[in-house]
$ cat final_32.txt   # compact mmCIF, C-alpha atoms
# COMPACT_ATOMS: atom_id res chain seq x y z
CA MET D 1 24.75 -86.20 -2.88
CA ALA D 2 21.96 -88.02 -1.04
CA GLU D 3 20.83 -91.44 -2.19
CA PRO D 4 17.93 -91.32 -4.67
CA LEU D 5 14.51 -91.49 -3.00
CA PHE D 6 13.23 -93.87 -5.65
CA GLU D 7 14.89 -96.45 -7.84
CA ARG D 8 12.31 -95.98 -10.59
CA LEU D 9 10.04 -92.94 -10.90
CA CYS D 10 7.27 -93.21 -13.50
CA LEU D 11 5.53 -90.11 -14.84
CA LEU D 12 2.22 -90.76 -16.57
CA GLY D 13 1.96 -87.62 -18.70
CA VAL D 14 4.70 -85.14 -19.59
CA GLY D 15 2.99 -81.79 -19.93
CA LEU D 16 4.13 -78.71 -18.02
CA ILE D 17 4.15 -80.36 -14.58
CA GLY D 18 5.30 -83.82 -15.64
CA SER D 19 8.12 -82.54 -17.82
CA SER D 20 9.24 -80.09 -15.10
CA LEU D 21 9.36 -82.91 -12.54
CA ALA D 22 11.29 -85.05 -15.03
CA ARG D 23 13.78 -82.24 -15.57
CA VAL D 24 14.37 -81.56 -11.88
CA ALA D 25 14.72 -85.29 -11.18
CA ARG D 26 17.30 -85.66 -13.94
CA GLU D 27 19.12 -82.49 -12.91
CA ARG D 28 19.37 -83.33 -9.20
CA GLY D 29 19.94 -87.07 -9.34
CA ASP D 30 18.69 -87.61 -5.79
CA ILE D 31 14.99 -87.99 -6.59
CA ALA D 32 15.16 -91.09 -8.77
CA ARG D 33 17.83 -93.34 -10.23
CA THR D 34 15.69 -93.94 -13.33
CA VAL D 35 12.97 -91.66 -14.74
CA VAL D 36 10.31 -93.30 -16.91
CA ALA D 37 7.93 -91.15 -18.96
CA HIS D 38 4.68 -92.17 -20.63
CA ALA D 39 2.63 -90.01 -23.00
CA LYS D 40 -0.49 -90.74 -25.01
CA THR D 41 0.54 -89.47 -28.44
CA PRO D 42 3.49 -90.60 -30.58
CA ALA D 43 4.43 -86.97 -31.26
CA THR D 44 4.79 -86.24 -27.53
CA LEU D 45 6.78 -89.43 -27.00
CA ASP D 46 9.12 -88.44 -29.83
CA ARG D 47 9.56 -84.96 -28.38
CA VAL D 48 10.37 -86.33 -24.91
CA ARG D 49 13.05 -88.52 -26.50
CA GLU D 50 14.46 -85.53 -28.37
CA LEU D 51 14.56 -83.44 -25.20
CA GLY D 52 16.29 -86.23 -23.26
CA ILE D 53 14.34 -85.52 -20.07
CA ALA D 54 13.66 -89.19 -19.23
CA ASP D 55 15.79 -92.32 -19.11
CA VAL D 56 12.98 -94.48 -20.50
CA VAL D 57 10.13 -93.35 -22.78
CA GLU D 58 7.24 -95.79 -22.93
CA ALA D 59 4.10 -95.73 -25.08
CA ASP D 60 2.25 -98.38 -23.05
CA PRO D 61 1.19 -97.09 -19.61
CA ALA D 62 0.95 -100.62 -18.19
CA LYS D 63 4.56 -101.30 -19.21
CA ALA D 64 5.67 -97.87 -17.97
CA VAL D 65 4.58 -98.52 -14.37
CA GLU D 66 6.11 -101.99 -14.12
CA GLY D 67 8.77 -102.06 -11.40
CA ALA D 68 8.25 -98.39 -10.49
CA ASP D 69 8.38 -97.63 -6.76
CA CYS D 70 6.70 -94.25 -7.37
CA VAL D 71 4.09 -93.51 -10.05
CA VAL D 72 2.93 -89.91 -10.61
CA PHE D 73 -0.31 -89.27 -12.48
CA CYS D 74 0.34 -86.12 -14.55
CA VAL D 75 -2.60 -86.56 -16.93
CA PRO D 76 -5.68 -84.27 -16.96
CA VAL D 77 -7.87 -85.22 -13.99
CA GLY D 78 -10.65 -86.36 -16.32
CA ALA D 79 -8.35 -89.12 -17.63
CA ASN D 80 -7.44 -90.52 -14.21
CA ALA D 81 -10.04 -93.31 -14.08
CA GLU D 82 -9.22 -94.58 -17.58
CA VAL D 83 -5.47 -94.58 -16.98
CA MET D 84 -5.84 -96.16 -13.53
CA ALA D 85 -7.83 -99.04 -15.02
CA GLN D 86 -4.95 -99.66 -17.44
CA VAL D 87 -2.12 -99.54 -14.92
CA ALA D 88 -3.60 -100.85 -11.65
CA PRO D 89 -2.92 -104.57 -12.31
CA HIS D 90 0.71 -103.76 -13.13
CA LEU D 91 1.62 -101.68 -10.09
CA LYS D 92 4.41 -103.09 -7.96
CA PRO D 93 3.45 -104.13 -4.39
CA GLY D 94 4.61 -101.40 -2.02
CA ALA D 95 4.63 -98.76 -4.76
CA ILE D 96 3.59 -95.20 -4.01
CA LEU D 97 0.93 -93.64 -6.22
CA THR D 98 0.63 -89.86 -6.29
CA ASP D 99 -0.58 -87.19 -8.70
CA VAL D 100 -0.34 -83.50 -9.57
CA GLY D 101 -4.01 -82.76 -10.28
CA SER D 102 -5.81 -79.60 -9.28
CA THR D 103 -8.80 -81.48 -7.80
CA LYS D 104 -8.40 -83.99 -5.01
CA MET D 105 -11.82 -85.43 -4.17
CA SER D 106 -12.00 -86.69 -7.76
CA VAL D 107 -8.58 -88.35 -7.38
CA LEU D 108 -9.79 -90.29 -4.35
CA ARG D 109 -12.94 -91.19 -6.29
CA ASP D 110 -11.17 -92.30 -9.48
CA LEU D 111 -7.99 -93.94 -8.14
CA GLY D 112 -9.00 -95.21 -4.70
CA PRO D 113 -11.41 -98.01 -5.70
CA LEU D 114 -8.87 -99.56 -8.11
CA LEU D 115 -5.89 -99.29 -5.75
CA PRO D 116 -4.26 -102.72 -5.36
CA ARG D 117 -3.58 -104.02 -1.86
CA GLY D 118 -0.17 -102.83 -0.65
CA VAL D 119 -0.01 -99.81 -2.99
CA HIS D 120 -0.04 -96.45 -1.18
CA LEU D 121 -2.05 -93.49 -2.53
CA VAL D 122 -0.79 -90.02 -1.58
CA PRO D 123 -2.66 -87.40 -3.66
CA GLY D 124 -0.77 -84.17 -4.26
CA HIS D 125 -1.13 -80.82 -5.97
CA PRO D 126 1.86 -78.58 -6.79
CA MET D 127 0.54 -75.00 -6.75
CA ALA D 128 2.78 -74.01 -9.62
CA GLY D 129 2.22 -73.48 -13.29
CA THR D 130 2.22 -71.24 -16.32
CA GLU D 131 -0.22 -70.82 -19.18
CA HIS D 132 1.98 -73.05 -21.38
CA SER D 133 1.59 -76.79 -21.87
CA GLY D 134 3.40 -79.76 -23.38
CA PRO D 135 6.87 -81.24 -22.77
CA ASP D 136 8.66 -78.12 -24.06
CA ALA D 137 6.90 -75.95 -21.45
CA GLY D 138 8.60 -77.55 -18.44
CA PHE D 139 11.59 -76.19 -16.55
CA PRO D 140 13.32 -77.48 -13.39
CA GLU D 141 12.78 -74.28 -11.37
CA LEU D 142 8.97 -74.41 -11.69
CA PHE D 143 8.45 -75.71 -8.14
CA GLN D 144 11.00 -73.51 -6.39
CA GLY D 145 9.39 -71.68 -3.46
CA ARG D 146 5.91 -72.92 -4.38
CA TYR D 147 3.52 -74.89 -2.22
CA VAL D 148 2.60 -78.51 -2.77
CA ILE D 149 -0.57 -79.62 -0.99
CA LEU D 150 -0.85 -83.30 -0.04
CA THR D 151 -4.25 -84.83 0.79
CA PRO D 152 -3.63 -88.39 2.04
CA ARG D 153 -6.58 -90.26 3.50
CA PRO D 154 -6.47 -91.11 7.22
CA GLY D 155 -4.50 -94.31 7.78
CA THR D 156 -2.20 -93.84 4.78
CA ASP D 157 1.25 -95.32 5.40
CA PRO D 158 3.29 -92.48 7.05
CA GLU D 159 6.49 -93.57 5.33
CA ALA D 160 4.83 -93.27 1.91
CA VAL D 161 3.54 -89.80 2.77
CA GLU D 162 7.00 -88.73 3.94
CA LYS D 163 8.62 -89.98 0.73
CA VAL D 164 6.23 -87.90 -1.38
CA ARG D 165 6.87 -84.91 0.90
CA GLU D 166 10.62 -85.37 0.47
CA MET D 167 10.33 -85.67 -3.31
CA TRP D 168 8.68 -82.26 -3.47
CA ARG D 169 11.11 -80.79 -0.94
CA ARG D 170 13.99 -81.84 -3.17
CA ALA D 171 12.17 -80.21 -6.09
CA GLY D 172 12.27 -76.95 -4.10
CA SER D 173 8.72 -76.83 -2.77
CA MET D 174 7.09 -76.09 0.58
CA ILE D 175 4.66 -78.74 1.76
CA GLU D 176 1.21 -78.44 3.34
CA THR D 177 -1.22 -81.23 4.24
CA MET D 178 -5.02 -80.94 4.37
CA ASP D 179 -8.08 -83.04 3.67
CA ALA D 180 -9.24 -83.33 0.07
CA ALA D 181 -12.54 -81.47 0.52
CA THR D 182 -10.82 -78.45 2.11
CA HIS D 183 -8.22 -78.44 -0.67
CA ASP D 184 -10.92 -78.36 -3.34
CA LYS D 185 -12.65 -75.38 -1.71
CA VAL D 186 -9.36 -73.48 -1.36
CA VAL D 187 -8.31 -73.99 -4.97
CA ALA D 188 -11.82 -73.17 -6.19
CA ILE D 189 -11.33 -69.56 -5.03
CA VAL D 190 -7.59 -69.09 -5.61
CA SER D 191 -7.30 -70.88 -8.95
CA HIS D 192 -10.41 -72.33 -10.53
CA LEU D 193 -12.71 -69.29 -10.22
CA PRO D 194 -10.06 -66.86 -11.57
CA HIS D 195 -9.63 -69.13 -14.60
CA LEU D 196 -13.39 -69.35 -15.10
CA LEU D 197 -13.63 -65.54 -14.98
CA ALA D 198 -10.72 -65.12 -17.39
CA PHE D 199 -12.23 -67.53 -19.92
CA THR D 200 -15.58 -65.73 -19.59
CA ILE D 201 -14.16 -62.21 -19.98
CA CYS D 202 -12.23 -63.24 -23.08
CA SER D 203 -15.33 -64.97 -24.48
CA THR D 204 -17.32 -61.78 -23.87
CA ALA D 205 -14.70 -59.76 -25.73
CA ASP D 206 -14.77 -62.27 -28.57
CA ASP D 207 -18.56 -61.86 -28.86
CA LEU D 208 -18.34 -58.12 -29.40
CA ALA D 209 -19.06 -56.64 -32.79
CA GLU D 210 -15.98 -56.98 -35.02
CA GLU D 211 -15.22 -53.24 -35.08
CA THR D 212 -15.35 -52.94 -31.28
CA LYS D 213 -13.38 -56.15 -30.77
CA GLU D 214 -10.57 -54.83 -32.95
CA GLN D 215 -10.32 -51.74 -30.74
CA VAL D 216 -10.32 -53.92 -27.61
CA LEU D 217 -7.35 -55.90 -28.94
CA LYS D 218 -5.58 -52.77 -30.13
CA PHE D 219 -5.83 -50.89 -26.86
CA ALA D 220 -5.84 -53.77 -24.34
CA ALA D 221 -4.32 -52.59 -21.07
CA SER D 222 -2.42 -54.72 -18.59
CA GLY D 223 -5.55 -55.86 -16.72
CA PHE D 224 -7.10 -57.37 -19.84
CA ARG D 225 -3.72 -58.77 -20.94
CA ASP D 226 -3.45 -60.59 -17.60
CA PHE D 227 -6.83 -62.19 -18.25
CA THR D 228 -5.77 -63.28 -21.74
CA ARG D 229 -2.64 -64.91 -20.30
CA ILE D 230 -4.73 -66.99 -17.91
CA ALA D 231 -7.31 -67.71 -20.62
CA SER D 232 -4.64 -69.17 -22.91
CA SER D 233 -4.23 -72.16 -20.56
CA ASP D 234 -4.75 -75.73 -21.75
CA PRO D 235 -8.46 -76.24 -22.58
CA THR D 236 -8.60 -79.99 -21.92
CA MET D 237 -7.01 -79.65 -18.50
CA TRP D 238 -9.30 -76.81 -17.43
CA ARG D 239 -12.45 -78.43 -18.79
CA ASP D 240 -11.65 -81.45 -16.61
CA VAL D 241 -10.82 -79.29 -13.59
CA PHE D 242 -14.16 -77.43 -13.77
CA LEU D 243 -16.16 -80.62 -14.16
CA ASN D 244 -14.30 -82.45 -11.39
CA ASN D 245 -14.53 -79.63 -8.85
CA ARG D 246 -18.10 -78.73 -9.79
CA GLU D 247 -19.62 -78.27 -6.31
CA ALA D 248 -16.83 -76.15 -4.80
CA LEU D 249 -16.46 -74.05 -7.96
CA LEU D 250 -20.20 -73.35 -8.19
CA GLU D 251 -20.28 -72.40 -4.50
CA MET D 252 -17.46 -69.88 -4.98
CA LEU D 253 -19.01 -68.59 -8.21
CA ALA D 254 -22.30 -67.95 -6.37
CA ARG D 255 -20.48 -66.03 -3.63
CA PHE D 256 -18.53 -64.03 -6.21
CA THR D 257 -21.72 -63.26 -8.14
CA GLU D 258 -23.37 -61.85 -4.99
CA ASP D 259 -20.31 -59.71 -4.26
CA ALA D 260 -20.11 -58.51 -7.88
CA HIS D 261 -23.79 -57.50 -7.78
CA ALA D 262 -23.15 -55.63 -4.52
CA LEU D 263 -20.26 -53.72 -6.05
CA GLY D 264 -22.32 -53.04 -9.16
CA ARG D 265 -25.10 -51.55 -7.00
CA ALA D 266 -22.53 -49.37 -5.24
CA VAL D 267 -21.31 -48.07 -8.61
CA ARG D 268 -24.91 -47.46 -9.75
CA TRP D 269 -25.84 -45.49 -6.60
CA GLY D 270 -22.53 -43.71 -6.16
CA GLU D 271 -21.59 -45.38 -2.86
CA ALA D 272 -17.96 -44.24 -2.87
CA GLY D 273 -17.13 -45.63 0.58
CA PHE D 274 -18.26 -49.16 -0.35
CA ILE D 275 -16.28 -49.03 -3.62
CA GLU D 276 -13.13 -47.81 -1.87
CA ASP D 277 -13.45 -50.53 0.79
CA ARG D 278 -13.51 -53.24 -1.88
CA ILE D 279 -10.47 -51.75 -3.60
CA GLN D 280 -8.58 -51.55 -0.30
CA ARG D 281 -9.40 -55.19 0.46
CA GLY D 282 -7.95 -56.17 -2.92
CA ARG D 283 -4.76 -54.26 -2.14
CA LYS D 284 -4.56 -56.02 1.24
CA ILE D 285 -4.74 -59.45 -0.39
CA ARG D 286 -1.98 -58.44 -2.82
CA ARG D 287 0.27 -57.25 0.02
CA GLY D 288 -0.28 -60.55 1.83
CA LEU D 289 0.85 -62.50 -1.24
CA ILE D 290 3.96 -60.36 -1.62
CA GLU D 291 4.85 -60.81 2.05
CA ARG D 292 4.57 -64.59 1.61
CA LYS D 293 6.70 -64.41 -1.55
CA GLN D 294 3.86 -65.94 -3.59
CA ALA D 295 3.53 -62.99 -5.99
$ encode --input "final_32.txt" --output "structure tokens"
Amino acid sequence: MAEPLFERLCLLGVGLIGSSLARVARERGDIARTVVAHAKTPATLDRVRELGIADVVEADPAKAVEGADCVVFCVPVGANAEVMAQVAPHLKPGAILTDVGSTKMSVLRDLGPLLPRGVHLVPGHPMAGTEHSGPDAGFPELFQGRYVILTPRPGTDPEAVEKVREMWRRAGSMIETMDAATHDKVVAIVSHLPHLLAFTICSTADDLAEETKEQVLKFAASGFRDFTRIASSDPTMWRDVFLNNREALLEMLARFTEDAHALGRAVRWGEAGFIEDRIQRGRKIRRGLIERKQA
């Protein structure tokens, strides 16, 4: 077995992503010699201890990061600034700081200004997940065959970037690198907008008259069930994602709205060719995902 990449890996937050990374690190043994986990609530800390997915479980984030050569922010992106203010003075010189958040410009905004000299920031986003949350939701295979996007700023220490790349490789992921602004636009269309639509469709269904709503739930077909699966995702996390990727999400929502109006007009005026073209384009996207083994 290869030598561990890190002597001490600290995970700030042990929800779906954090607990999955803890599990794969413990299972493999070549990611970290010691896994430290911090969580905000006593109940989560107790559950992490019960599950045995970390070597050290620490209630104080400042104490958790002490001596860690890699610290991974796994908290909702809206909590990044608060947590960074608590841990920044305690980060070890030479440590690598990374994260798993779904927005990257906000990570640079919230972590960058407080970054101590000699600490390397390598933002990251594993494109993996389920609708479940909490330490029980994690599993070591979550990252297998999934992309992780890294968005280091120009001039970031190449060795630190490579170590983060290798951590995710060992977790089973494929790695891509892009700038933070491009990342946020990409995820706005492939992840954030679909979640916004799912939450909206389910809210619309919930606003129906009680008799109609009961029939909707009784006869829900697979399309609506897929939306409800997405809409059952963690509300705190997605609230923070929407607010921290506001510009890119609103841009994609505006483009979607225009396209939805165009399709609606085609339905109204019986433009069969236009309708069929949109359906065919959807099928083409699906085939592309299957060919890339991302579906």
$ closest_residue --input "final_32.txt" --among "D:Ser20, D:Thr103, D:Gln144, D:Thr212" --to "Gly124 of chain D" --atoms "all atoms listed in the file"
D:Thr103
$ residues_around --input "final_32.txt" --residues "Pro61 of chain D" --least-positions-apart "3" --cutoff "12 Å" --atoms "only C-alpha atoms" --output "MDAnalysis selection string"
chainID D and resid 10:13 36:41 57:58 64:66 68 71:73 75 82:91
$ closest_residue --input "final_32.txt" --among "D:Pro135, D:Ile175, D:Gly29, D:Phe6" --to "Glu50 of chain D" --atoms "only C-alpha atoms"
D:Pro135
$ residues_near_point --input "final_32.txt" --point "(-7.0, -61.7, -20.0)" --cutoff "12 Å" --atoms "all atoms listed in the file" --output "PyMOL selection string"
chain D and resi 131+194-206+216-217+220-233
$ write_last_selection --input "final_32.txt" --atoms "C-alpha atoms" --output "compact mmCIF listing (two decimals), in the frame of the given file"
# COMPACT_ATOMS: atom_id res chain seq x y z
CA GLU D 131 -0.22 -70.82 -19.18
CA PRO D 194 -10.06 -66.86 -11.57
CA HIS D 195 -9.63 -69.13 -14.60
CA LEU D 196 -13.39 -69.35 -15.10
CA LEU D 197 -13.63 -65.54 -14.98
CA ALA D 198 -10.72 -65.12 -17.39
CA PHE D 199 -12.23 -67.53 -19.92
CA THR D 200 -15.58 -65.73 -19.59
CA ILE D 201 -14.16 -62.21 -19.98
CA CYS D 202 -12.23 -63.24 -23.08
CA SER D 203 -15.33 -64.97 -24.48
CA THR D 204 -17.32 -61.78 -23.87
CA ALA D 205 -14.70 -59.76 -25.73
CA ASP D 206 -14.77 -62.27 -28.57
CA VAL D 216 -10.32 -53.92 -27.61
CA LEU D 217 -7.35 -55.90 -28.94
CA ALA D 220 -5.84 -53.77 -24.34
CA ALA D 221 -4.32 -52.59 -21.07
CA SER D 222 -2.42 -54.72 -18.59
CA GLY D 223 -5.55 -55.86 -16.72
CA PHE D 224 -7.10 -57.37 -19.84
CA ARG D 225 -3.72 -58.77 -20.94
CA ASP D 226 -3.45 -60.59 -17.60
CA PHE D 227 -6.83 -62.19 -18.25
CA THR D 228 -5.77 -63.28 -21.74
CA ARG D 229 -2.64 -64.91 -20.30
CA ILE D 230 -4.73 -66.99 -17.91
CA ALA D 231 -7.31 -67.71 -20.62
CA SER D 232 -4.64 -69.17 -22.91
CA SER D 233 -4.23 -72.16 -20.56
$ residues_around --input "final_32.txt" --residues "Lys163 of chain D" --least-positions-apart "2" --cutoff "10 Å" --atoms "all atoms listed in the file" --output "NGL selection string"
:D and (5-6 or 31 or 70 or 96 or 122 or 158-161 or 165-169)
$ atom_distance --input "final_32.txt" --atom1 "atom CA of Leu150 of chain D" --atom2 "atom CA of Val186 of chain D"
13.1 Å
$ residues_around --input "final_32.txt" --residues "segment 280-292 of chain D" --least-positions-apart "6" --cutoff "12 Å" --atoms "all atoms listed in the file" --output "number ranges by chain"
D: 145-147, 174, 190, 273-274
$ residues_around --input "final_32.txt" --residues "Thr34 of chain D" --least-positions-apart "5" --cutoff "8 Å" --atoms "only C-alpha atoms" --output "PyMOL selection string"
chain D and resi 7-9+54-56
$ atom_distance --input "final_32.txt" --atom1 "atom CA of Glu247 of chain D" --atom2 "atom CA of Pro126 of chain D"
21.5 Å
$ axis_aligned_box --input "final_32.txt" --around "segment 237-241 of chain D" --padding-each-side "5 Å" --output "AutoDock Vina command-line options"
--center_x -9.7 --center_y -79.1 --center_z -16.2 --size_x 15.4 --size_y 14.6 --size_z 15.2
$ residues_around --input "final_32.txt" --residues "Ser106 of chain D" --least-positions-apart "2" --cutoff "12 Å" --atoms "all atoms listed in the file" --output "MDAnalysis selection string"
chainID D and resid 76:81 99 101:104 108:113 123 151 180:181 183:184 240:248
$ write_last_selection --input "final_32.txt" --atoms "C-alpha atoms" --output "mmCIF file, in the coordinates of the input"
data_model
loop_
_atom_site.group_PDB
_atom_site.id
_atom_site.type_symbol
_atom_site.label_atom_id
_atom_site.label_comp_id
_atom_site.auth_asym_id
_atom_site.auth_seq_id
_atom_site.Cartn_x
_atom_site.Cartn_y
_atom_site.Cartn_z
ATOM 1 C CA PRO D 76 -5.680 -84.270 -16.960
ATOM 2 C CA VAL D 77 -7.870 -85.220 -13.990
ATOM 3 C CA GLY D 78 -10.650 -86.360 -16.320
ATOM 4 C CA ALA D 79 -8.350 -89.120 -17.630
ATOM 5 C CA ASN D 80 -7.440 -90.520 -14.210
ATOM 6 C CA ALA D 81 -10.040 -93.310 -14.080
ATOM 7 C CA ASP D 99 -0.580 -87.190 -8.700
ATOM 8 C CA GLY D 101 -4.010 -82.760 -10.280
ATOM 9 C CA SER D 102 -5.810 -79.600 -9.280
ATOM 10 C CA THR D 103 -8.800 -81.480 -7.800
ATOM 11 C CA LYS D 104 -8.400 -83.990 -5.010
ATOM 12 C CA LEU D 108 -9.790 -90.290 -4.350
ATOM 13 C CA ARG D 109 -12.940 -91.190 -6.290
ATOM 14 C CA ASP D 110 -11.170 -92.300 -9.480
ATOM 15 C CA LEU D 111 -7.990 -93.940 -8.140
ATOM 16 C CA GLY D 112 -9.000 -95.210 -4.700
ATOM 17 C CA PRO D 113 -11.410 -98.010 -5.700
ATOM 18 C CA PRO D 123 -2.660 -87.400 -3.660
ATOM 19 C CA THR D 151 -4.250 -84.830 0.790
ATOM 20 C CA ALA D 180 -9.240 -83.330 0.070
ATOM 21 C CA ALA D 181 -12.540 -81.470 0.520
ATOM 22 C CA HIS D 183 -8.220 -78.440 -0.670
ATOM 23 C CA ASP D 184 -10.920 -78.360 -3.340
ATOM 24 C CA ASP D 240 -11.650 -81.450 -16.610
ATOM 25 C CA VAL D 241 -10.820 -79.290 -13.590
ATOM 26 C CA PHE D 242 -14.160 -77.430 -13.770
ATOM 27 C CA LEU D 243 -16.160 -80.620 -14.160
ATOM 28 C CA ASN D 244 -14.300 -82.450 -11.390
ATOM 29 C CA ASN D 245 -14.530 -79.630 -8.850
ATOM 30 C CA ARG D 246 -18.100 -78.730 -9.790
ATOM 31 C CA GLU D 247 -19.620 -78.270 -6.310
ATOM 32 C CA ALA D 248 -16.830 -76.150 -4.800
#
$ atom_distance --input "final_32.txt" --atom1 "atom CA of Ser19 of chain D" --atom2 "atom CA of Thr156 of chain D"
27.3 Å
$ residues_near_point --input "final_32.txt" --point "(-6.1, -88.5, 7.5)" --cutoff "10 Å" --atoms "all atoms listed in the file" --output "MDAnalysis selection string"
chainID D and resid 151:156 177:180
$ closest_residue --input "final_32.txt" --among "D:Leu51, D:Ala171, D:Ile275, D:Leu249" --to "Ala188 of chain D" --atoms "only C-alpha atoms"
D:Leu249
